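Enquirer: Enclosed is the structure file model-v8.txt (compact mmCIF, C-alpha atoms).
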```txt
# COMPACT_ATOMS: atom_id res chain seq x y z
CA MET R 24 -0.17 179.77 76.98
CA VAL R 25 0.73 177.41 79.81
CA LEU R 26 1.03 173.70 79.18
CA GLN R 27 -0.22 171.37 81.88
CA VAL R 28 1.85 168.32 82.76
CA HIS R 29 -0.07 165.85 84.87
CA GLY R 30 2.74 164.05 86.61
CA PHE R 31 4.94 163.61 89.66
CA LEU R 32 8.31 165.31 89.97
CA LEU R 33 10.05 162.23 91.34
CA SER R 34 9.02 160.38 88.18
CA THR R 35 11.84 160.05 85.65
CA CYS R 36 9.37 160.26 82.76
CA THR R 37 7.90 163.49 84.14
CA GLN R 38 11.45 164.84 84.47
CA ALA R 39 12.18 164.07 80.81
CA VAL R 40 9.12 166.04 79.72
CA ILE R 41 9.75 169.10 81.87
CA THR R 42 13.42 169.17 80.86
CA THR R 43 12.31 169.25 77.22
CA LEU R 44 9.94 172.11 78.03
CA LYS R 45 12.77 173.96 79.75
CA GLU R 46 15.02 173.47 76.70
CA LEU R 47 12.30 175.18 74.67
CA ASN R 48 11.64 177.88 77.31
CA LEU R 49 7.97 176.90 77.41
CA PRO R 50 5.85 177.79 80.44
CA TYR R 51 4.24 174.82 82.13
CA GLU R 52 2.24 173.86 85.18
CA ILE R 53 2.68 170.59 87.04
CA VAL R 54 -0.69 169.11 87.96
CA PRO R 55 0.30 166.67 90.72
CA VAL R 56 -0.56 163.00 90.34
CA PRO R 57 0.69 161.57 93.66
CA LEU R 58 2.11 158.15 92.82
CA PHE R 59 2.60 157.17 96.45
CA ALA R 60 -1.13 157.61 97.00
CA GLY R 61 -1.98 155.58 93.90
CA ALA R 62 -3.61 158.53 92.13
CA HIS R 63 -2.45 157.24 88.75
CA LYS R 64 -4.60 154.14 89.27
CA ASP R 65 -7.72 156.08 90.17
CA PRO R 66 -10.58 155.02 87.85
CA GLN R 67 -11.34 158.63 86.93
CA TYR R 68 -7.71 159.29 85.99
CA ILE R 69 -7.60 156.12 83.90
CA ALA R 70 -10.88 157.00 82.21
CA THR R 71 -10.02 160.61 81.40
CA LYS R 72 -6.23 160.89 81.23
CA GLN R 73 -4.20 157.70 80.81
CA PRO R 74 -5.78 154.30 80.09
CA PHE R 75 -2.67 152.46 81.35
CA GLY R 76 -2.66 154.34 84.66
CA GLN R 77 0.74 155.96 84.09
CA ILE R 78 2.29 159.43 83.99
CA PRO R 79 2.90 161.99 82.59
CA VAL R 80 0.07 163.39 80.51
CA LEU R 81 0.30 166.66 78.56
CA VAL R 82 -2.83 168.83 78.38
CA GLU R 83 -2.93 171.91 76.14
CA GLU R 84 -5.21 174.90 76.62
CA ASP R 85 -7.64 173.70 73.95
CA GLY R 86 -8.03 170.37 75.74
CA PHE R 87 -5.72 168.30 73.53
CA GLN R 88 -4.16 165.48 75.57
CA LEU R 89 -1.15 163.29 74.93
CA PHE R 90 0.53 160.61 77.01
CA GLU R 91 3.86 158.73 76.80
CA SER R 92 6.86 160.88 77.67
CA ARG R 93 8.77 160.34 74.42
CA ALA R 94 5.68 161.18 72.37
CA ILE R 95 5.10 164.31 74.45
CA ALA R 96 8.70 165.44 74.04
CA ARG R 97 8.63 164.93 70.28
CA TYR R 98 5.28 166.70 69.98
CA VAL R 99 6.28 169.84 71.87
CA ILE R 100 9.57 170.04 69.95
CA LEU R 101 7.86 169.74 66.58
CA LYS R 102 5.09 172.18 67.49
CA TYR R 103 6.87 174.78 69.59
CA GLY R 104 10.56 174.34 68.80
CA PRO R 105 11.00 173.08 65.25
CA ASP R 106 14.20 175.11 64.92
CA SER R 107 15.60 174.11 68.31
CA GLY R 108 17.73 171.31 66.86
CA LEU R 109 16.39 168.85 69.44
CA ILE R 110 14.93 166.97 66.48
CA PRO R 111 17.14 167.80 63.50
CA LYS R 112 15.96 168.76 60.05
CA GLY R 113 17.20 167.09 56.89
CA LEU R 114 16.67 163.51 55.79
CA ARG R 115 20.03 162.11 56.85
CA GLU R 116 20.16 164.22 60.00
CA GLN R 117 16.74 162.87 61.00
CA ALA R 118 17.84 159.34 60.21
CA LEU R 119 20.87 159.72 62.46
CA PHE R 120 18.65 161.18 65.16
CA GLU R 121 16.28 158.21 64.92
CA GLN R 122 19.28 155.92 65.15
CA ALA R 123 20.41 157.70 68.32
CA ALA R 124 16.90 157.63 69.78
CA SER R 125 16.80 153.88 69.14
CA ILE R 126 20.15 153.50 70.88
CA GLU R 127 18.70 155.12 74.00
CA GLY R 128 15.48 153.13 73.85
CA ASN R 129 17.11 149.74 73.26
CA ASN R 130 20.60 149.92 74.72
CA PHE R 131 20.28 152.24 77.70
CA TYR R 132 16.74 152.61 79.02
CA PRO R 133 15.86 148.91 79.61
CA PHE R 134 19.01 148.38 81.67
CA ALA R 135 18.92 151.66 83.60
CA TYR R 136 15.23 151.11 84.33
CA GLY R 137 15.87 147.55 85.46
CA ILE R 138 18.68 148.58 87.81
CA SER R 139 16.47 151.34 89.21
CA THR R 140 13.62 148.89 89.72
CA GLU R 141 15.72 146.54 91.82
CA LYS R 142 17.63 149.20 93.76
CA VAL R 143 15.11 152.03 94.13
CA PHE R 144 11.55 151.34 93.02
CA LYS R 145 11.02 148.00 94.75
CA PRO R 146 12.48 149.17 98.09
CA MET R 147 10.28 152.29 97.90
CA ARG R 148 7.28 149.94 97.79
CA GLY R 149 8.60 147.87 100.66
CA VAL R 150 9.65 145.03 98.36
CA GLN R 151 13.06 143.40 98.50
CA GLY R 152 15.06 144.12 95.34
CA ASP R 153 16.96 141.40 93.54
CA ASP R 154 20.65 142.27 93.94
CA ALA R 155 21.75 139.51 91.58
CA ARG R 156 19.45 140.84 88.86
CA ALA R 157 20.71 144.38 89.47
CA ALA R 158 24.31 143.18 89.14
CA GLU R 159 23.47 141.37 85.91
CA LEU R 160 21.83 144.49 84.46
CA THR R 161 24.74 146.66 85.61
CA LYS R 162 27.23 144.43 83.80
CA ALA R 163 25.05 144.46 80.69
CA LEU R 164 24.82 148.26 80.71
CA GLU R 165 28.57 148.57 81.15
CA GLU R 166 28.97 146.42 78.04
CA LYS R 167 26.52 148.61 76.11
CA LEU R 168 28.46 151.71 77.10
CA LYS R 169 31.52 150.32 75.34
CA ALA R 170 29.68 150.98 72.08
CA TYR R 171 28.77 154.46 73.34
CA GLU R 172 32.48 155.04 73.90
CA VAL R 173 33.20 154.20 70.25
CA ILE R 174 30.37 156.40 68.92
CA LEU R 175 31.27 159.33 71.16
CA GLY R 176 34.91 159.04 70.16
CA LYS R 177 33.86 160.11 66.66
CA GLN R 178 31.32 162.82 67.47
CA LYS R 179 30.22 165.06 70.32
CA TYR R 180 26.72 163.65 70.84
CA LEU R 181 24.84 160.49 69.96
CA ALA R 182 23.27 161.83 66.75
CA GLY R 183 26.23 163.91 65.61
CA ASN R 184 27.82 167.10 66.84
CA GLU R 185 24.64 168.77 68.11
CA PHE R 186 22.68 168.02 71.28
CA THR R 187 19.33 166.35 70.58
CA LEU R 188 16.40 164.78 72.36
CA ALA R 189 18.22 161.45 72.11
CA ASP R 190 20.88 162.76 74.50
CA LEU R 191 18.36 164.46 76.77
CA LEU R 192 16.40 161.25 77.34
CA HIS R 193 19.41 159.73 79.12
CA LEU R 194 19.35 162.36 81.86
CA PRO R 195 16.64 161.20 84.31
CA TYR R 196 17.67 157.54 84.56
CA GLY R 197 21.36 158.29 84.07
CA THR R 198 21.28 160.64 87.03
CA LEU R 199 19.24 158.23 89.15
CA ILE R 200 21.57 155.27 88.68
CA THR R 201 24.70 157.42 88.98
CA GLU R 202 23.85 159.61 91.95
CA THR R 203 21.45 157.41 93.92
CA ILE R 204 22.70 153.89 93.17
CA GLY R 205 26.37 154.62 92.54
CA PHE R 206 26.64 153.28 89.00
CA GLY R 207 30.03 154.32 87.65
CA GLY R 208 29.69 153.50 83.98
CA LEU R 209 28.86 157.01 82.81
CA LYS R 210 32.15 158.28 84.25
CA ALA R 211 34.38 155.29 83.55
CA THR R 212 35.66 155.97 80.04
CA PRO R 213 36.85 159.27 78.55
CA ASN R 214 34.37 159.85 75.74
CA VAL R 215 31.29 158.75 77.67
CA ALA R 216 32.46 160.73 80.70
CA ARG R 217 32.95 163.85 78.59
CA TRP R 218 29.50 163.44 77.02
CA TRP R 219 27.82 162.77 80.36
CA ALA R 220 29.46 165.78 82.00
CA ASP R 221 28.32 167.92 79.08
CA ILE R 222 24.67 166.88 78.95
CA SER R 223 24.17 166.65 82.71
CA SER R 224 25.44 170.20 83.16
CA ARG R 225 22.91 171.76 80.78
CA GLU R 226 20.88 174.54 82.37
CA SER R 227 17.61 172.76 81.58
CA TRP R 228 18.64 169.68 83.55
CA LYS R 229 20.15 171.67 86.41
CA SER R 230 16.87 173.55 86.68
CA THR R 231 14.87 170.30 86.65
CA SER R 232 17.16 168.77 89.27
CA LYS R 233 16.72 171.80 91.51
CA GLU R 234 12.94 171.59 91.14
CA VAL R 235 12.97 167.87 91.93
CA ALA R 236 15.21 168.36 94.97
CA ALA R 237 12.91 171.07 96.35
CA PHE R 238 9.89 168.82 95.86
CA ALA R 239 11.61 165.85 97.53
CA ALA R 240 12.54 168.05 100.49
CA SER R 241 8.92 169.22 100.81
CA LEU R 242 7.78 165.60 101.17
CA LYS R 243 9.97 165.16 104.23
CA LYS R 244 8.45 168.07 106.14
```
Could you rewrite the structure in this file as structure tokens?

Expert:
Amino acid sequence: MVLQVHGFLLSTCTQAVITTLKELNLPYEIVPVPLFAGAHKDPQYIATKQPFGQIPVLVEEDGFQLFESRAIARYVILKYGPDSGLIPKGLREQALFEQAASIEGNNFYPFAYGISTEKVFKPMRGVQGDDARAAELTKALEEKLKAYEVILGKQKYLAGNEFTLADLLHLPYGTLITETIGFGGLKATPNVARWWADISSRESWKSTSKEVAAFAASLKK
């Protein structure tokens, strides 16, 4: 069994999916969807893979397809790694996980994505980014991370004392804004810094980062 991931390795959403697959030790194949060439907007791709013209898309051997990176991650965990702990069992444990997942989706992702848009994505398309907007989003994210500092002062990870998908989902954008843009918020306070050092040093993410770096280098040849 080899799962197909139709995506692009420089895509943060693709990175989230393959990191989840690596956590579960699942074999996968990247089916390239070259964003720079606009392949995700090809009418055939939209008609057969993703109606919004986005990536990634998971395709199983029996033809089952699923899009949206968070949905894909949850699906593969529940199907192939129900005992992995990435989505906890138990009513209260699941509730705390959903709380943590909501924290990422509402208090981290919109700001990290916005900063990345102004500082990385727009310039990649030859569009001038809005530095004032990026600064505003940076300040807002720094404020959000003050609450992270409180939470992580009481427990090891966002959902408790075990690593979950809620932590993992911070990795692609957290790394992008930290290493490419120079955002310092994930290293600025002791509890957040400890958490970030922990999750960003996981073997799954190191493996993904190595794969992404190799792909980026191949584009420059």

Enquirer: Which polymer residues, protein or nucleic acid, are no farther than 12 Å from (0.0, 170.0, 93.5), counting all atoms listed in the file, as a PDB file with C-alpha atoms, in the coordinates of the input?

Expert:
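That gives us point.pdb:
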```
ATOM      1  CA  GLN R  27      -0.220 171.370  81.880  1.00  0.00           C
ATOM      2  CA  VAL R  28       1.850 168.320  82.760  1.00  0.00           C
ATOM      3  CA  HIS R  29      -0.070 165.850  84.870  1.00  0.00           C
ATOM      4  CA  GLY R  30       2.740 164.050  86.610  1.00  0.00           C
ATOM      5  CA  PHE R  31       4.940 163.610  89.660  1.00  0.00           C
ATOM      6  CA  LEU R  32       8.310 165.310  89.970  1.00  0.00           C
ATOM      7  CA  GLU R  52       2.240 173.860  85.180  1.00  0.00           C
ATOM      8  CA  ILE R  53       2.680 170.590  87.040  1.00  0.00           C
ATOM      9  CA  VAL R  54      -0.690 169.110  87.960  1.00  0.00           C
ATOM     10  CA  PRO R  55       0.300 166.670  90.720  1.00  0.00           C
ATOM     11  CA  VAL R  56      -0.560 163.000  90.340  1.00  0.00           C
ATOM     12  CA  PRO R  57       0.690 161.570  93.660  1.00  0.00           C
ATOM     13  CA  PHE R 238       9.890 168.820  95.860  1.00  0.00           C
ATOM     14  CA  SER R 241       8.920 169.220 100.810  1.00  0.00           C
ATOM     15  CA  LEU R 242       7.780 165.600 101.170  1.00  0.00           C
TER      16      LEU R 242
END
```

Enquirer: Given all atoms listed in the file as the basis, pick out the residue of R:Leu199, R:Arg97, R:Leu164, R:Ser230 nearest to Ser34 (chain R).

Expert: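 Of R:Leu199, R:Arg97, R:Leu164, R:Ser230, the one nearest Ser34 (chain R) is R:Leu199, counting all atoms listed in the file.
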
Enquirer: Kindly indicate which residue among R:Pro133, R:Pro74, R:Gly113, R:Gly128 lies nearest to Ala163 (chain R), using all atoms listed in the file for the distances.

Expert: R:Pro133

Enquirer: Looking at R:Ser125, R:Pro105, R:Leu188, R:Thr203, which one is nearest to Val143 (chain R), with distances taken over only C-alpha atoms?

Expert: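 Between R:Ser125, R:Pro105, R:Leu188, R:Thr203, the residue approaching Val143 (chain R) most closely is R:Thr203.
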
Enquirer: Neighbours of Trp219 (chain R) within 12 Å (only C-alpha atoms; same-chain residues fewer than 6 positions away dropped), as a ChimeraX atom specification?

Expert: /R:168,171-172,175,179-181,186,190-195,197-198,201,207-213,225,228

Enquirer: Hey, which of R:Ala220, R:Asn130, R:Glu46, R:Val99 ends up closest to Glu165 (chain R)? Count all atoms listed in the file.

Expert: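 Closest to Glu165 (chain R), using all atoms listed in the file: R:Asn130.
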
Enquirer: Just how far from CA of Ala182 (chain R) is CA of Leu114 (chain R), in Å to one decimal?

Expert: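 So the two atoms, CA of Leu114 (chain R) and CA of Ala182 (chain R), lie 12.9 Å apart.
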
Enquirer: Restricting the calculation to all atoms listed in the file, which member of R:Arg217, R:Lys229, R:His63, R:Lys72 is positioned closest to Lys45 (chain R)?

Expert: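 For Lys45 (chain R), the nearest of the given residues is R:Lys229.
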
Enquirer: Work out how far apart CA of Ala39 (chain R) and CA of Leu89 (chain R) are and give it in Å to one decimal.

Expert: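 Interatomic distance, CA of Ala39 (chain R) to CA of Leu89 (chain R): 14.6 Å.
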
Enquirer: Nearest residue to Glu166 (chain R) out of R:Ser227, R:Phe134, R:Gln151, R:Ala189, using all atoms listed in the file?

Expert: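 Closest residue, counting all atoms listed in the file: R:Phe134.
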
Enquirer: To one decimal place in Å, what is the distance between CA of Gly205 (chain R) and CA of Lys169 (chain R)?

Expert: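 Atom-to-atom, CA of Gly205 (chain R) to CA of Lys169 (chain R), that is 18.5 Å.
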
Enquirer: Which residues, written as a compact mmCIF listing (two decimals) with C-alpha atoms, in the coordinates of the input, have at least one atom at most 7 Å from Cys36 (chain R), with all atoms listed in the file counted and residues fewer than 3 positions away on the same chain left out?

Expert:
```
# COMPACT_ATOMS: atom_id res chain seq x y z
CA ALA R 39 12.18 164.07 80.81
CA VAL R 40 9.12 166.04 79.72
CA PRO R 79 2.90 161.99 82.59
CA SER R 92 6.86 160.88 77.67
```
